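Peer 1: This one is structure25.cif, mmCIF, C-alpha atoms.
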data_start
loop_
_atom_site.label_atom_id
_atom_site.label_comp_id
_atom_site.auth_asym_id
_atom_site.auth_seq_id
_atom_site.Cartn_x
_atom_site.Cartn_y
_atom_site.Cartn_z
CA LYS A 1 -86.65 28.62 -12.41
CA ASN A 2 -86.88 25.15 -13.94
CA ALA A 3 -86.48 26.47 -17.48
CA GLN A 4 -83.49 28.54 -16.44
CA ALA A 5 -81.88 25.52 -14.73
CA GLN A 6 -82.53 23.39 -17.84
CA GLN A 7 -80.94 26.09 -20.01
CA ASP A 8 -77.92 26.32 -17.67
CA LEU A 9 -77.56 22.54 -17.75
CA GLU A 10 -77.73 22.49 -21.55
CA ASP A 11 -75.20 25.33 -21.85
CA THR A 12 -72.86 23.59 -19.43
CA ARG A 13 -73.12 20.33 -21.39
CA LYS A 14 -72.38 22.11 -24.68
CA SER A 15 -69.43 23.90 -23.13
CA MET A 16 -68.15 20.66 -21.63
CA THR A 17 -68.47 18.84 -24.96
CA ALA A 18 -66.48 21.59 -26.68
CA ASP A 19 -63.87 21.50 -23.90
CA ASP A 20 -63.62 17.70 -24.11
CA LYS A 21 -63.07 17.95 -27.84
CA PHE A 22 -60.43 20.64 -27.33
CA LEU A 23 -58.72 18.60 -24.60
CA LEU A 24 -58.54 15.52 -26.84
CA ASP A 25 -57.06 17.63 -29.61
CA LEU A 26 -54.60 19.20 -27.19
CA LYS A 27 -53.57 15.78 -25.83
CA GLU A 28 -52.96 14.52 -29.38
CA LYS A 29 -50.86 17.57 -30.19
CA CYS A 30 -48.91 17.23 -26.94
CA ALA A 31 -48.30 13.53 -27.56
CA ALA A 32 -47.05 14.30 -31.07
CA ALA A 33 -44.90 17.13 -29.71
CA ASP A 34 -43.51 14.79 -27.04
CA GLN A 35 -42.60 12.20 -29.67
CA GLU A 36 -40.94 14.83 -31.88
CA TYR A 37 -39.12 16.25 -28.87
CA ASP A 38 -37.86 12.82 -27.83
CA MET A 39 -36.66 12.12 -31.38
CA ARG A 40 -34.90 15.49 -31.68
CA LYS A 41 -33.42 15.03 -28.20
CA LYS A 42 -32.07 11.62 -29.19
CA LEU A 43 -30.61 13.00 -32.44
CA ARG A 44 -29.13 16.00 -30.65
CA ASN A 45 -27.51 13.74 -28.05
CA GLU A 46 -26.09 11.54 -30.82
CA GLU A 47 -24.74 14.61 -32.62
CA MET A 48 -23.20 15.98 -29.44
CA GLN A 49 -21.64 12.60 -28.69
CA ALA A 50 -20.22 12.38 -32.23
CA VAL A 51 -18.85 15.92 -31.99
CA SER A 52 -17.29 15.15 -28.60
CA GLU A 53 -15.70 12.01 -30.01
CA ALA A 54 -14.37 13.97 -32.99
CA ILE A 55 -12.86 16.59 -30.70
CA ALA A 56 -11.35 13.87 -28.53
CA ILE A 57 -9.81 12.20 -31.57
CA LEU A 58 -8.46 15.45 -32.99
CA SER A 59 -6.96 16.56 -29.70
CA SER A 60 -5.68 13.17 -28.51
CA ASP A 61 -2.03 12.49 -27.82
CA ASP A 62 -2.07 9.83 -30.54
CA ALA A 63 -3.10 12.42 -33.12
CA HIS A 64 -0.34 14.77 -31.98
CA ASP A 65 2.19 11.91 -32.01
CA LEU A 66 1.11 10.90 -35.49
CA PHE A 67 1.46 14.47 -36.67
CA SER A 68 4.93 14.86 -35.21
CA ARG A 69 6.06 11.47 -36.66
CA THR A 70 4.76 12.18 -40.14
CA PHE A 71 5.59 15.85 -40.22
CA ASN A 72 8.17 16.90 -42.80
CA PRO A 73 9.69 20.34 -42.16
CA ALA A 74 10.37 20.70 -45.89
CA PHE A 75 6.64 21.21 -46.46
CA ILE A 76 6.37 24.21 -44.16
CA GLN A 77 5.11 27.34 -45.79
CA VAL A 78 7.96 29.81 -45.59
CA ARG A 79 6.12 32.91 -46.74
CA ARG A 80 2.57 33.99 -46.83
CA VAL A 81 0.56 37.07 -47.48
CA LYS A 82 -1.99 37.61 -44.81
CA ARG A 83 -4.55 40.30 -44.41
CA SER A 84 -5.04 40.00 -40.73
CA GLN A 85 -6.03 41.87 -37.67
CA ARG A 86 -3.61 43.69 -35.45
CA GLY A 87 -0.64 41.56 -34.47
CA GLY A 88 -0.93 39.27 -37.48
CA ARG A 89 2.33 40.47 -38.99
CA VAL A 90 4.21 39.81 -35.79
CA ALA A 91 2.74 36.31 -35.51
CA GLY A 92 3.56 35.67 -39.19
CA ALA A 93 7.12 36.89 -38.72
CA ALA A 94 7.53 34.69 -35.65
CA ALA A 95 6.14 31.69 -37.53
CA SER A 96 8.49 32.35 -40.46
CA LEU A 97 11.43 32.68 -38.12
CA LEU A 98 10.52 29.41 -36.40
CA ALA A 99 10.07 27.68 -39.77
CA ALA A 100 13.47 28.83 -40.98
CA ALA A 101 15.09 27.67 -37.74
CA ALA A 102 13.32 24.32 -38.07
CA SER A 103 14.65 23.89 -41.62
CA ARG A 104 18.21 24.67 -40.59
CA ALA A 105 18.08 22.47 -37.50
CA ASN A 106 15.93 19.79 -39.16
CA ASP A 107 13.91 19.69 -35.92
CA PRO A 108 10.32 18.45 -36.33
CA ARG A 109 9.29 19.78 -32.91
CA LEU A 110 10.38 23.28 -33.87
CA ALA A 111 8.63 22.91 -37.22
CA ALA A 112 5.45 21.84 -35.44
CA LEU A 113 5.73 24.89 -33.21
CA ALA A 114 6.08 27.06 -36.32
CA VAL A 115 2.92 25.61 -37.80
CA ALA A 116 1.05 26.11 -34.54
CA ALA A 117 2.31 29.68 -34.35
CA ALA A 118 1.20 30.33 -37.91
CA LYS A 119 -2.33 29.17 -37.28
CA ASP A 120 -4.15 26.20 -35.93
CA PRO A 121 -5.30 24.43 -39.13
CA LEU A 122 -8.37 23.05 -37.39
CA GLU A 123 -9.41 26.34 -35.83
CA LYS A 124 -12.35 26.83 -38.19
CA VAL A 125 -13.48 23.24 -37.68
CA LYS A 126 -13.32 23.65 -33.92
CA GLN A 127 -15.21 26.95 -34.15
CA ALA A 128 -17.88 25.33 -36.33
CA ILE A 129 -18.20 22.45 -33.87
CA ASP A 130 -18.49 24.87 -30.94
CA GLN A 131 -21.12 26.86 -32.83
CA LEU A 132 -23.05 23.67 -33.63
CA ILE A 133 -23.00 22.67 -29.97
CA ALA A 134 -24.24 26.12 -28.95
CA GLU A 135 -27.05 25.97 -31.52
CA LEU A 136 -28.08 22.50 -30.39
CA GLN A 137 -28.16 23.60 -26.77
CA ALA A 138 -30.25 26.67 -27.65
CA GLU A 139 -32.64 24.47 -29.65
CA LYS A 140 -32.87 22.11 -26.69
CA LYS A 141 -33.85 24.99 -24.37
CA ILE A 142 -36.55 26.16 -26.79
CA GLU A 143 -37.97 22.66 -27.14
CA ILE A 144 -38.03 22.16 -23.38
CA ALA A 145 -39.84 25.49 -22.93
CA THR A 146 -42.39 24.54 -25.62
CA ARG A 147 -42.96 21.13 -24.05
CA ASP A 148 -43.38 22.67 -20.59
CA GLU A 149 -45.89 25.17 -21.97
CA CYS A 150 -47.85 22.36 -23.60
CA ILE A 151 -47.97 20.44 -20.32
CA THR A 152 -49.06 23.57 -18.45
CA ARG A 153 -51.85 24.26 -20.95
CA GLU A 154 -53.06 20.68 -20.74
CA HIS A 155 -53.17 20.95 -16.92
CA GLU A 156 -55.11 24.23 -17.11
CA TYR A 157 -57.68 22.74 -19.47
CA GLN A 158 -58.00 19.67 -17.27
CA GLN A 159 -58.79 21.97 -14.33
CA SER A 160 -61.29 23.85 -16.50
CA ILE A 161 -63.06 20.60 -17.39
CA GLU A 162 -63.21 19.59 -13.73
CA LYS A 163 -64.78 22.98 -12.94
CA PHE A 164 -67.38 22.52 -15.68
CA GLU A 165 -68.15 19.02 -14.41
CA ARG A 166 -68.77 20.43 -10.92
CA GLU A 167 -71.00 23.15 -12.41
CA LYS A 168 -72.84 20.52 -14.44
CA ALA A 169 -73.43 18.41 -11.32
CA ASP A 170 -74.65 21.51 -9.48
CA ALA A 171 -76.98 22.40 -12.36
CA GLU A 172 -78.35 18.84 -12.52
CA SER A 173 -78.90 18.86 -8.77
CA LYS A 174 -80.64 22.21 -8.99
CA ALA A 175 -82.78 20.94 -11.88
CA ALA A 176 -83.73 17.83 -9.88
CA THR A 177 -84.60 19.97 -6.86
CA LEU A 178 -86.76 22.26 -8.98
CA LYS A 179 -88.50 19.26 -10.60
CA SER A 180 -89.31 17.83 -7.20
CA GLU A 181 -90.61 21.21 -6.01
CA LEU A 182 -92.69 21.48 -9.19
CA GLY A 183 -94.04 17.97 -8.56
CA GLU A 184 -94.99 18.90 -5.01
CA LEU A 185 -96.78 22.04 -6.21
CA GLU A 186 -98.91 20.12 -8.69
#
Go ahead and render the structure in this file as structure tokens.
Peer 2:
Amino acid sequence: KNAQAQQDLEDTRKSMTADDKFLLDLKEKCAAADQEYDMRKKLRNEEMQAVSEAIAILSSDDAHDLFSRTFNPAFIQVRRVKRSQRGGRVAGAAASLLAAAASRANDPRLAALAVAAAKDPLEKVKQAIDQLIAELQAEKKIEIATRDECITREHEYQQSIEKFEREKADAESKAATLKSELGELE
């Protein structure tokens, strides 16, 4: 019995040493992951703030006022060839009609409407910004899930170590009891 208890104690100690080593390694990895996550989170927030500011600037009343003040109807594209989806010809014809009316009337508001009808010149930029925001939000979700998993694993290994410590204490107690019984028998 004593030899078995000693063997159990030794096995438990070896297992606990390996678990302690693994836990330290896991804590280092989690700390590094936390730092990387915080840095990426900060950068992502800065990017999202910059994108929001850019959108606010591009869609502000001042930008629209500046456009309408500096807009020259003589620079409107009168004709264009467009390979578009359904309805593109109608929109192009409407834009051309508006542009011609703006030229005749020399009305910058009508010319601006013609340009808007033709196509929003910043549409691709806005789409790219929206796509970037969506990608950043998806990346944020993945990083949060990874961080949560790391925290969960660390908690599980902490519980495992506590269990091994209890088993070690039980094995040491059993070994002490068996030693005392062996001493009494001698």
Peer 1: Expand the PyMOL selection byres ((chain A and resi 48-52) around 12) into the individual residues it matches in the shown file, reporting them as number ranges by chain.
Peer 2: A: 40-47, 53-60, 125-137, 140
Peer 1: Carefully work through the PyMOL selection byres ((chain A and resi 160) around 12) for this structure and note down the residues it includes, as a PyMOL selection string.
Peer 2: chain A and resi 12+15-16+18-20+22-23+153-159+161-167
Peer 1: Enclose all atoms of segment 22-38 of chain A listed in the file in an axis-aligned box, grow every side by 4 Å, and hand back centre and edge lengths in Å to one decimal, as lines of an AutoDock Vina configuration file.
Peer 2:
center_x = -49.1
center_y = 16.4
center_z = -28.2
size_x = 30.6
size_y = 16.4
size_z = 15.3
Peer 1: Extract, using only C-alpha atoms, all DNA, RNA and protein residues at most 12 Å from Gln7 of chain A, discarding same-chain residues fewer than 3 positions from it, and format them as a list in words.
Peer 2: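 Answer for this query is Lys1, Asn2, Ala3, Gln4, Glu10, Asp11, Thr12, Arg13, Lys14, Lys168, Ala171, Glu172, Lys174 and Ala175 of chain A.
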Peer 1: Quote the spacing between atom CA of Ala112 of chain A and atom CA of Arg69 of chain A in Å to one decimal place.
Peer 2: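 Pair atom CA of Ala112 of chain A / atom CA of Arg69 of chain A returns 10.5 Å.
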Peer 1: For the structure just given, write the atoms of segment 136-150 of chain A, namely C-alpha atoms, as a JSON list (two decimals), in the first residue's frame.
Peer 2:
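Result written to decode-v5.json:
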[["chain", "number", "residue", "atom", "x", "y", "z"],
["A", 136, "LEU", "CA", -13.35, 45.38, -39.42],
["A", 137, "GLN", "CA", -16.49, 44.41, -37.53],
["A", 138, "ALA", "CA", -16.15, 40.77, -38.65],
["A", 139, "GLU", "CA", -12.49, 40.78, -37.58],
["A", 140, "LYS", "CA", -13.52, 42.23, -34.23],
["A", 141, "LYS", "CA", -16.03, 39.40, -33.68],
["A", 142, "ILE", "CA", -13.40, 36.77, -34.50],
["A", 143, "GLU", "CA", -10.87, 38.33, -32.16],
["A", 144, "ILE", "CA", -13.40, 38.54, -29.34],
["A", 145, "ALA", "CA", -14.30, 34.87, -29.84],
["A", 146, "THR", "CA", -10.61, 33.88, -29.82],
["A", 147, "ARG", "CA", -9.97, 35.90, -26.67],
["A", 148, "ASP", "CA", -13.01, 34.39, -24.95],
["A", 149, "GLU", "CA", -11.84, 30.90, -25.87],
["A", 150, "CYS", "CA", -8.39, 31.63, -24.46]]
